[in-house]
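Listing of start-v9.txt; format and content: compact mmCIF, C-alpha atoms and all ligand atoms.
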# COMPACT_ATOMS: atom_id res chain seq x y z
CA MET A 1 -20.23 -15.40 6.13
CA PHE A 2 -18.53 -12.04 6.43
CA SER A 3 -14.80 -11.62 7.13
CA LEU A 4 -13.10 -8.53 8.52
CA ILE A 5 -9.31 -8.39 8.25
CA ILE A 6 -7.36 -6.17 10.63
CA PRO A 7 -3.53 -6.13 10.64
CA VAL A 8 -1.99 -5.10 13.93
CA TYR A 9 1.59 -4.30 14.74
CA ASN A 10 2.37 -3.18 18.28
CA GLU A 11 -1.12 -1.86 18.93
CA GLU A 12 -1.54 -3.10 22.53
CA ASP A 13 -3.40 0.02 23.73
CA MET A 14 -5.84 -0.28 20.89
CA ILE A 15 -6.96 -3.90 20.98
CA ASP A 16 -9.84 -3.69 23.47
CA GLU A 17 -11.55 -0.72 21.90
CA LEU A 18 -10.73 -1.92 18.39
CA ALA A 19 -12.30 -5.32 19.02
CA ALA A 20 -15.33 -3.87 20.79
CA ARG A 21 -16.07 -1.30 18.09
CA SER A 22 -15.47 -3.73 15.24
CA ILE A 23 -17.70 -6.42 16.75
CA LYS A 24 -20.46 -3.88 17.36
CA ALA A 25 -20.19 -2.49 13.85
CA VAL A 26 -20.18 -5.89 12.19
CA GLU A 27 -23.03 -7.25 14.31
CA SER A 28 -25.17 -4.34 13.16
CA PHE A 29 -25.54 -6.07 9.78
CA THR A 30 -24.68 -9.73 10.27
CA SER A 31 -24.31 -12.36 12.94
CA ASN A 32 -22.41 -14.77 10.71
CA TYR A 33 -18.92 -13.34 10.65
CA GLU A 34 -15.26 -13.77 11.53
CA ILE A 35 -12.79 -11.08 12.50
CA LEU A 36 -9.27 -11.99 11.48
CA PHE A 37 -6.61 -10.13 13.40
CA ILE A 38 -3.25 -10.48 11.70
CA ASN A 39 -0.55 -10.02 14.27
CA ASP A 40 2.33 -8.75 12.15
CA GLY A 41 5.19 -9.72 14.45
CA SER A 42 4.29 -7.37 17.29
CA THR A 43 6.89 -7.13 20.03
CA ASP A 44 4.55 -5.79 22.72
CA SER A 45 1.56 -7.46 24.36
CA THR A 46 -0.68 -7.22 21.29
CA LEU A 47 -0.88 -11.00 20.88
CA SER A 48 -1.75 -11.75 24.50
CA LYS A 49 -4.38 -9.00 24.44
CA LEU A 50 -5.90 -10.57 21.34
CA ILE A 51 -5.90 -14.01 22.93
CA GLU A 52 -7.64 -12.51 25.93
CA VAL A 53 -10.34 -10.90 23.77
CA ARG A 54 -10.81 -14.17 21.90
CA LYS A 55 -11.83 -15.89 25.13
CA TYR A 56 -15.05 -13.90 25.12
CA HIS A 57 -15.60 -13.64 21.40
CA SER A 58 -15.21 -16.93 19.61
CA ARG A 59 -15.73 -15.26 16.22
CA ILE A 60 -12.37 -13.57 16.56
CA LYS A 61 -9.50 -15.42 14.93
CA ILE A 62 -5.85 -14.56 15.20
CA VAL A 63 -3.25 -15.16 12.52
CA ASP A 64 0.09 -14.87 14.23
CA LEU A 65 2.79 -14.20 11.64
CA SER A 66 6.32 -15.41 12.27
CA LYS A 67 7.78 -11.89 12.16
CA ASN A 68 7.00 -8.39 10.90
CA PHE A 69 6.25 -8.70 7.19
CA GLY A 70 4.71 -5.26 6.71
CA HIS A 71 1.05 -4.38 6.55
CA GLN A 72 0.50 -5.15 2.86
CA ALA A 73 1.73 -8.69 3.55
CA ALA A 74 -0.45 -8.89 6.65
CA PHE A 75 -3.53 -7.90 4.65
CA THR A 76 -2.57 -10.51 2.06
CA ALA A 77 -2.43 -13.18 4.76
CA GLY A 78 -5.93 -12.16 5.79
CA LEU A 79 -7.25 -12.17 2.23
CA GLU A 80 -5.92 -15.66 1.65
CA MET A 81 -7.29 -17.04 4.90
CA ALA A 82 -10.66 -15.30 4.99
CA LEU A 83 -13.62 -17.62 4.52
CA GLY A 84 -16.31 -15.02 3.95
CA ASN A 85 -18.20 -14.37 0.75
CA PHE A 86 -17.77 -10.71 1.68
CA VAL A 87 -14.36 -9.62 2.92
CA ALA A 88 -13.34 -6.26 4.34
CA MET A 89 -9.89 -4.82 5.02
CA MET A 90 -9.45 -2.23 7.75
CA ASP A 91 -6.48 -0.63 9.51
CA GLY A 92 -6.11 -1.50 13.16
CA ASP A 93 -5.71 2.01 14.51
CA LEU A 94 -9.36 3.07 14.18
CA GLN A 95 -8.49 5.69 11.57
CA ASP A 96 -10.97 3.90 9.35
CA PRO A 97 -14.28 3.94 11.21
CA PRO A 98 -15.70 0.38 11.43
CA GLU A 99 -19.18 1.91 11.50
CA LEU A 100 -18.86 2.45 7.73
CA LEU A 101 -18.74 -1.29 7.14
CA ALA A 102 -22.53 -1.51 7.31
CA GLU A 103 -22.89 0.94 4.41
CA MET A 104 -20.19 -0.84 2.40
CA HIS A 105 -21.97 -4.13 3.01
CA ARG A 106 -25.25 -2.63 1.84
CA MET A 107 -23.65 -1.31 -1.36
CA ILE A 108 -22.17 -4.71 -2.18
CA SER A 109 -25.12 -6.88 -1.27
CA GLN A 110 -27.89 -4.61 -2.58
CA GLU A 111 -26.50 -2.19 -5.15
CA GLY A 112 -24.53 -4.70 -7.13
CA PHE A 113 -21.02 -3.46 -6.50
CA ASP A 114 -18.21 -6.01 -6.33
CA ILE A 115 -15.77 -3.77 -4.50
CA VAL A 116 -16.40 -0.73 -2.33
CA SER A 117 -13.43 1.32 -1.18
CA GLY A 118 -13.28 4.11 1.31
CA LYS A 119 -12.27 7.36 -0.29
CA ARG A 120 -10.72 9.83 2.11
CA LYS A 121 -12.42 13.18 1.92
CA GLY A 122 -9.89 14.55 4.27
CA ARG A 123 -8.09 13.51 7.32
CA LYS A 124 -8.00 14.96 10.73
CA GLY A 125 -4.36 14.15 11.31
CA LYS A 126 -1.95 16.60 9.71
CA ARG A 127 0.74 14.01 9.31
CA LEU A 128 2.11 13.93 5.76
CA ARG A 129 -1.21 15.09 4.36
CA LEU A 130 0.31 17.08 1.51
CA ALA A 131 2.70 14.29 0.62
CA THR A 132 -0.07 11.70 0.67
CA ASN A 133 -2.41 13.79 -1.49
CA LEU A 134 0.34 14.55 -3.97
CA PHE A 135 1.21 10.90 -4.14
CA HIS A 136 -2.36 9.90 -4.90
CA ILE A 137 -2.79 12.51 -7.65
CA PHE A 138 0.59 11.62 -9.12
CA PHE A 139 -0.16 7.91 -8.96
CA LYS A 140 -3.55 8.31 -10.59
CA HIS A 141 -2.04 10.14 -13.53
CA ILE A 142 1.05 8.12 -14.16
CA ALA A 143 -0.30 4.66 -13.47
CA GLY A 144 -3.41 5.35 -15.50
CA ILE A 145 -5.49 3.68 -12.83
CA ASP A 146 -8.56 5.81 -12.36
CA GLU A 147 -10.53 6.60 -9.29
CA MET A 148 -7.75 5.53 -7.03
CA GLU A 149 -7.06 8.96 -5.74
CA ASN A 150 -7.14 8.96 -2.00
CA SER A 151 -8.31 5.47 -1.41
CA GLY A 152 -6.24 3.26 0.81
CA ASN A 153 -6.72 -0.18 2.22
CA PHE A 154 -10.13 0.37 3.79
CA SER A 155 -12.50 -1.57 1.54
CA MET A 156 -14.90 -4.45 1.14
CA MET A 157 -14.98 -7.02 -1.65
CA ASN A 158 -17.14 -9.92 -2.68
CA ARG A 159 -15.77 -13.44 -3.09
CA ALA A 160 -15.15 -13.17 -6.83
CA SER A 161 -12.95 -10.10 -6.44
CA VAL A 162 -11.08 -11.54 -3.46
CA ASN A 163 -10.35 -14.65 -5.51
CA ALA A 164 -9.06 -12.44 -8.31
CA LEU A 165 -6.89 -10.45 -5.92
CA VAL A 166 -5.30 -13.46 -4.24
CA GLN A 167 -4.34 -14.81 -7.64
CA MET A 168 -1.84 -11.99 -7.90
CA LYS A 169 1.20 -13.50 -6.27
CA GLU A 170 3.77 -10.76 -6.75
CA SER A 171 5.90 -10.28 -3.70
CA ILE A 172 6.08 -6.51 -3.97
CA ARG A 173 2.53 -5.55 -3.20
CA TYR A 174 0.48 -2.39 -3.24
CA LEU A 175 -3.03 -3.61 -2.57
CA PRO A 176 -4.98 -0.40 -3.35
CA GLY A 177 -3.38 -0.44 -6.81
CA MET A 178 -3.95 -4.16 -7.28
CA ARG A 179 -7.55 -3.76 -6.20
CA SER A 180 -8.10 -1.18 -8.94
CA PHE A 181 -6.19 -3.27 -11.45
CA ILE A 182 -8.46 -6.31 -11.25
CA GLY A 183 -11.48 -4.42 -12.56
CA PHE A 184 -14.96 -5.47 -11.40
CA LYS A 185 -17.65 -3.00 -10.50
CA GLN A 186 -16.01 -0.59 -8.09
CA GLY A 187 -17.89 1.69 -5.75
CA TYR A 188 -16.66 4.38 -3.40
CA ILE A 189 -17.77 5.74 -0.13
CA GLU A 190 -16.40 9.04 1.11
CA TYR A 191 -15.31 9.49 4.65
CA MET A 192 -13.25 11.64 6.92
CA ARG A 193 -10.19 9.85 8.16
CA ASP A 194 -9.91 10.02 11.93
CA ASP A 195 -6.76 10.51 13.89
CA ARG A 196 -5.21 7.30 15.04
CA MET A 197 -6.71 6.48 18.41
CA SER A 198 -3.48 6.06 20.29
CA GLY A 199 0.17 5.25 19.87
CA GLU A 200 2.60 6.24 17.18
CA PRO A 201 1.96 5.46 13.50
CA LYS A 202 3.45 2.06 12.78
CA MET A 203 4.07 2.97 9.17
CA THR A 204 7.22 4.97 9.67
CA LEU A 205 8.24 7.55 7.08
CA GLY A 206 10.70 5.01 5.68
CA LYS A 207 8.00 2.35 5.29
CA LEU A 208 5.69 4.86 3.61
CA ILE A 209 8.37 5.88 1.12
CA VAL A 210 8.99 2.23 0.26
CA LEU A 211 5.24 1.69 -0.19
CA GLY A 212 5.03 4.72 -2.49
CA ALA A 213 7.99 3.49 -4.53
CA ASP A 214 6.42 0.03 -4.77
CA ALA A 215 3.24 1.58 -6.07
CA ILE A 216 4.99 3.70 -8.70
CA PHE A 217 7.52 1.16 -9.90
CA SER A 218 5.13 -1.77 -10.07
CA PHE A 219 2.21 0.05 -11.66
CA SER A 220 3.83 2.30 -14.22
CA LYS A 221 6.62 2.81 -16.69
CA PHE A 222 6.84 6.44 -15.65
CA PRO A 223 10.39 6.30 -14.19
CA ILE A 224 11.66 4.65 -17.38
CA LYS A 225 9.91 7.27 -19.49
CA VAL A 226 11.53 10.06 -17.50
CA CYS A 227 14.92 8.44 -18.04
CA LEU A 228 14.41 8.07 -21.75
CA PHE A 229 13.09 11.59 -22.09
CA LEU A 230 15.91 13.21 -20.15
CA GLY A 231 18.41 10.95 -21.85
CA THR A 232 17.19 12.03 -25.27
CA ILE A 233 17.22 15.72 -24.37
CA GLY A 234 20.70 15.29 -22.90
CA THR A 235 21.96 13.60 -26.04
CA ILE A 236 20.63 16.37 -28.26
CA VAL A 237 22.02 19.12 -26.07
CA PHE A 238 25.41 17.51 -25.84
CA PHE A 239 25.49 16.76 -29.54
CA ILE A 240 24.95 20.44 -30.28
CA ALA A 241 27.48 21.43 -27.64
CA GLY A 242 29.89 18.94 -29.15
CA MET A 243 29.47 20.40 -32.63
CA TYR A 244 30.04 23.83 -31.25
CA ALA A 245 33.19 22.74 -29.46
CA LEU A 246 34.44 21.10 -32.64
CA VAL A 247 33.81 24.14 -34.78
CA ASP A 248 35.38 26.28 -32.11
CA LYS A 249 38.45 24.11 -32.10
CA LEU A 250 38.71 23.85 -35.91
CA PHE A 251 38.72 27.56 -36.37
CA GLY A 252 40.85 28.11 -33.34
CA TRP A 253 38.69 30.91 -32.10
CA SER A 254 39.29 30.33 -28.46
CA VAL A 255 40.76 28.02 -25.91
CA LEU A 256 38.07 25.78 -24.55
CA GLY A 257 37.33 26.53 -20.94
CA TRP A 258 37.98 24.25 -18.08
CA SER A 259 34.65 25.05 -16.46
CA SER A 260 32.51 23.89 -19.34
CA THR A 261 34.35 20.57 -19.39
CA VAL A 262 34.00 19.99 -15.70
CA LEU A 263 30.38 21.11 -15.64
CA SER A 264 29.40 18.74 -18.38
CA ILE A 265 31.16 15.88 -16.63
CA TYR A 266 29.31 16.66 -13.41
CA PHE A 267 26.03 16.99 -15.22
CA LEU A 268 26.35 13.82 -17.23
CA GLY A 269 27.72 11.96 -14.24
CA SER A 270 24.81 12.84 -12.02
CA ILE A 271 22.24 12.06 -14.70
CA GLN A 272 23.87 8.68 -15.18
CA LEU A 273 23.81 8.02 -11.45
CA ILE A 274 20.10 8.80 -11.28
CA PHE A 275 19.37 6.54 -14.24
CA LEU A 276 21.47 3.78 -12.77
CA GLY A 277 19.42 4.12 -9.60
CA VAL A 278 16.18 3.80 -11.55
CA VAL A 279 17.48 0.80 -13.47
CA GLY A 280 18.63 -0.61 -10.14
CA GLU A 281 15.11 -0.30 -8.74
CA TYR A 282 13.79 -2.41 -11.59
CA VAL A 283 16.57 -4.96 -11.34
CA TYR A 284 15.92 -5.23 -7.61
CA ARG A 285 12.23 -5.77 -8.26
CA ILE A 286 12.87 -8.43 -10.91
CA TYR A 287 15.22 -10.12 -8.48
CA LYS A 288 12.69 -9.99 -5.65
CA GLU A 289 9.94 -11.41 -7.81
CA SER A 290 12.15 -14.16 -9.20
CA GLN A 291 13.10 -15.30 -5.71
CA ASN A 292 9.47 -16.21 -5.33
CA ARG A 293 9.57 -16.21 -1.56
CA PRO A 294 6.38 -16.51 0.44
CA ILE A 295 4.77 -13.15 1.14
CA TYR A 296 4.19 -14.05 4.78
CA LEU A 297 4.67 -17.00 7.10
CA VAL A 298 2.19 -18.05 9.75
CA LYS A 299 3.48 -19.09 13.15
CA LYS A 300 0.10 -20.02 14.55
CA PHE A 301 -3.50 -19.72 13.51
CA TYR A 302 -5.96 -19.34 16.35
CA ASP A 303 -9.27 -20.34 14.86
CA ALA A 304 -12.24 -22.25 16.22
CA GLU A 305 -10.29 -25.45 16.79
CA THR A 306 -7.24 -23.94 18.45
CA GLU A 307 -7.19 -23.76 22.21
N1 LIG B 1 0.84 -2.35 10.49
C1 LIG B 1 1.26 -3.66 10.32
N2 LIG B 1 2.57 -3.91 10.02
C2 LIG B 1 3.49 -2.91 9.88
C3 LIG B 1 3.06 -1.57 10.02
C4 LIG B 1 1.72 -1.33 10.31
O1 LIG B 1 0.45 -4.59 10.44
O2 LIG B 1 4.65 -3.21 9.63
C5 LIG B 1 -0.58 -2.08 10.81
C6 LIG B 1 -0.80 -1.13 11.96
O3 LIG B 1 -0.84 -1.82 13.19
C7 LIG B 1 -2.13 -0.52 11.62
C8 LIG B 1 -2.13 -0.49 10.10
O4 LIG B 1 -1.16 -1.44 9.70
O5 LIG B 1 -3.19 -1.32 12.05
C9 LIG B 1 -1.82 0.88 9.53
O6 LIG B 1 -0.65 1.38 10.13
P1 LIG B 1 -0.46 2.92 10.45
O7 LIG B 1 -1.64 3.46 11.15
O8 LIG B 1 0.85 3.08 11.11
O9 LIG B 1 -0.38 3.49 8.97
P2 LIG B 1 -0.88 4.89 8.39
O10 LIG B 1 -2.20 5.20 9.01
O11 LIG B 1 0.18 5.85 8.75
O12 LIG B 1 -0.96 4.60 6.93
MG MG B 2 -2.91 4.79 10.72
Let me see the structure of the file written as structure tokens.
Amino acid sequence: MFSLIIPVYNEEDMIDELAARSIKAVESFTSNYEILFINDGSTDSTLSKLIEVRKYHSRIKIVDLSKNFGHQAAFTAGLEMALGNFVAMMDGDLQDPPELLAEMHRMISQEGFDIVSGKRKGRKGKRLRLATNLFHIFFKHIAGIDEMENSGNFSMMNRASVNALVQMKESIRYLPGMRSFIGFKQGYIEYMRDDRMSGEPKMTLGKLIVLGADAIFSFSKFPIKVCLFLGTIGTIVFFIAGMYALVDKLFGWSVLGWSSTVLSIYFLGSIQLIFLGVVGEYVYRIYKESQNRPIYLVKKFYDAETE
């Protein structure tokens, strides 16, 4: 059995074409499959469209989440519910071409890879391209996770790797990072990322920034290292400045200026604020993880038995 997971959030215009193209792509290499649409708390007609499509295609299943949990949570729901011995994750806006699934499937079933991820050669959309590329390069270097550069959610895994991935229960999730973390034999397939077929991106700038922060804070000690480094430099500089001020005072060479005092207060103050912010990020993350809340909640699962 093969499972394809597609999270959708307010994608009503997309559903028909998305379902048609995905079914066609999947049927090109298997007839034993399920397509799991995760409705991530859509507020438009996405769910009713999905239910409509399901009438004609019994292999489509719908996981209706109780509210919007974010697309990493939606993918997680799919990973936990998928029955396949091969499982693929794909965005629901047709930016990841479903036609590539056949090649991914071939690499896993014939070339001995456990995981095959799509690596974006480029993207047609201009949106945030520079920021995204910079993020991936930055992430690769600071998190020490190789080969992750420019790969997102689009991927296929075999059962063993899916089982490994769903064992990671952290509530702050960055699946591309987690997928690299678990090891296994990883393969890549390069592709050009299409423009989203219609509608606005559902990952708003805010959501993307949070995702980036999740990736950096949960996969590296980099922010802490920066703090320690700057803190050490600051201490040395201010120690020297302090000695100077002391000597200055002792010999009574000059009246110490007001500006230097105020400047150092500003400087130290702002550095402390930044560090507090970084520490706060970690405290927040520890707090979130210790709450141990479910990553997603299912309102209804439309599978073979559900009417
Ligand atoms: N998505 C979701 N929940 C959200 C935001 C997005 O399930 O809170 C889905 C969305 O419907 C799409 C996929 O995640 O299928 C990727 O979203 P988008 O295209 O907006 O992200 P981007 O391409 O900008 O990374
Ligand atoms: Mg998109």
Ranking A:Lys67, A:His141, A:Lys119, A:His105 by minimum distance to ligand LIG 1 (chain B) and counting all atoms listed in the file, which one comes first?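 Using all atoms listed in the file, ligand LIG 1 (chain B) sits closest to A:Lys67.
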What do you get as a PDB file with C-alpha atoms, in the frame of the given file if you pick all residues at most 9 Å from ligand LIG 1 (chain B), counting only C-alpha atoms and all ligand atoms?
ATOM      1  CA  ILE A   6      -7.360  -6.170  10.630  1.00  0.00           C
ATOM      2  CA  PRO A   7      -3.530  -6.130  10.640  1.00  0.00           C
ATOM      3  CA  VAL A   8      -1.990  -5.100  13.930  1.00  0.00           C
ATOM      4  CA  TYR A   9       1.590  -4.300  14.740  1.00  0.00           C
ATOM      5  CA  ASN A  10       2.370  -3.180  18.280  1.00  0.00           C
ATOM      6  CA  GLU A  11      -1.120  -1.860  18.930  1.00  0.00           C
ATOM      7  CA  ILE A  38      -3.250 -10.480  11.700  1.00  0.00           C
ATOM      8  CA  ASN A  39      -0.550 -10.020  14.270  1.00  0.00           C
ATOM      9  CA  ASP A  40       2.330  -8.750  12.150  1.00  0.00           C
ATOM     10  CA  GLY A  41       5.190  -9.720  14.450  1.00  0.00           C
ATOM     11  CA  SER A  42       4.290  -7.370  17.290  1.00  0.00           C
ATOM     12  CA  ASN A  68       7.000  -8.390  10.900  1.00  0.00           C
ATOM     13  CA  PHE A  69       6.250  -8.700   7.190  1.00  0.00           C
ATOM     14  CA  GLY A  70       4.710  -5.260   6.710  1.00  0.00           C
ATOM     15  CA  HIS A  71       1.050  -4.380   6.550  1.00  0.00           C
ATOM     16  CA  GLN A  72       0.500  -5.150   2.860  1.00  0.00           C
ATOM     17  CA  ALA A  73       1.730  -8.690   3.550  1.00  0.00           C
ATOM     18  CA  ALA A  74      -0.450  -8.890   6.650  1.00  0.00           C
ATOM     19  CA  PHE A  75      -3.530  -7.900   4.650  1.00  0.00           C
ATOM     20  CA  MET A  90      -9.450  -2.230   7.750  1.00  0.00           C
ATOM     21  CA  ASP A  91      -6.480  -0.630   9.510  1.00  0.00           C
ATOM     22  CA  GLY A  92      -6.110  -1.500  13.160  1.00  0.00           C
ATOM     23  CA  ASP A  93      -5.710   2.010  14.510  1.00  0.00           C
ATOM     24  CA  LEU A  94      -9.360   3.070  14.180  1.00  0.00           C
ATOM     25  CA  GLN A  95      -8.490   5.690  11.570  1.00  0.00           C
ATOM     26  CA  ASP A  96     -10.970   3.900   9.350  1.00  0.00           C
ATOM     27  CA  ARG A 127       0.740  14.010   9.310  1.00  0.00           C
ATOM     28  CA  LEU A 128       2.110  13.930   5.760  1.00  0.00           C
ATOM     29  CA  GLY A 152      -6.240   3.260   0.810  1.00  0.00           C
ATOM     30  CA  ASN A 153      -6.720  -0.180   2.220  1.00  0.00           C
ATOM     31  CA  ASP A 195      -6.760  10.510  13.890  1.00  0.00           C
ATOM     32  CA  ARG A 196      -5.210   7.300  15.040  1.00  0.00           C
ATOM     33  CA  GLU A 200       2.600   6.240  17.180  1.00  0.00           C
ATOM     34  CA  PRO A 201       1.960   5.460  13.500  1.00  0.00           C
ATOM     35  CA  LYS A 202       3.450   2.060  12.780  1.00  0.00           C
ATOM     36  CA  MET A 203       4.070   2.970   9.170  1.00  0.00           C
ATOM     37  CA  THR A 204       7.220   4.970   9.670  1.00  0.00           C
ATOM     38  CA  LEU A 205       8.240   7.550   7.080  1.00  0.00           C
ATOM     39  CA  LYS A 207       8.000   2.350   5.290  1.00  0.00           C
ATOM     40  CA  LEU A 208       5.690   4.860   3.610  1.00  0.00           C
TER      41      LEU A 208
END
Go through stretch 170-259 of chain A residue by residue and, counting all atoms listed in the file, keep those with an atom at most 12 Å from stretch 15-35 of chain A; for each kept residue give the shortest atom pair and its distance in Å to one decimal, ordered by chain and increasing number, as a tab-separated table.
residue	atom	partner	partner_atom	distance
A:Arg196	CA	A:Leu18	CA	11.3
A:Met197	CA	A:Leu18	CA	9.3
A:Ser198	CA	A:Ile15	CA	10.6
A:Gly199	CA	A:Ile15	CA	11.7
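Across the structure, atom CA of A:Ser259 and atom CA of A:Phe238 are spaced 15.2 Å apart.
Between A:Arg179 and the residues A:Met192, A:Ala245, A:Met89, A:Leu211, the shortest atom-to-atom distance, using only C-alpha atoms, involves A:Met89.
Using all atoms listed in the file, the nearest neighbour of A:Lys299 within the list A:Ile233, A:Met243, A:Ile274, A:Leu65 is A:Leu65.
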Atom CA of A:Tyr188 to atom CA of A:Lys140: how many Å, to one decimal?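 Taking atom CA of A:Tyr188 as the start and atom CA of A:Lys140 as the end point, the length is 15.5 Å.
Atom to atom, atom CA of A:Leu276 and atom CA of A:Gly231 stand 12.0 Å apart.
The nearest approach to A:Ala160 among the residues A:Phe138, A:Phe217, A:Phe86, A:Phe181, with only C-alpha atoms taken into account, belongs to A:Phe86.
Counting all atoms listed in the file and comparing A:Thr76, A:Ser290, A:Ser3, A:Asn158, the residue that lies closest to A:Arg59 is A:Ser3.
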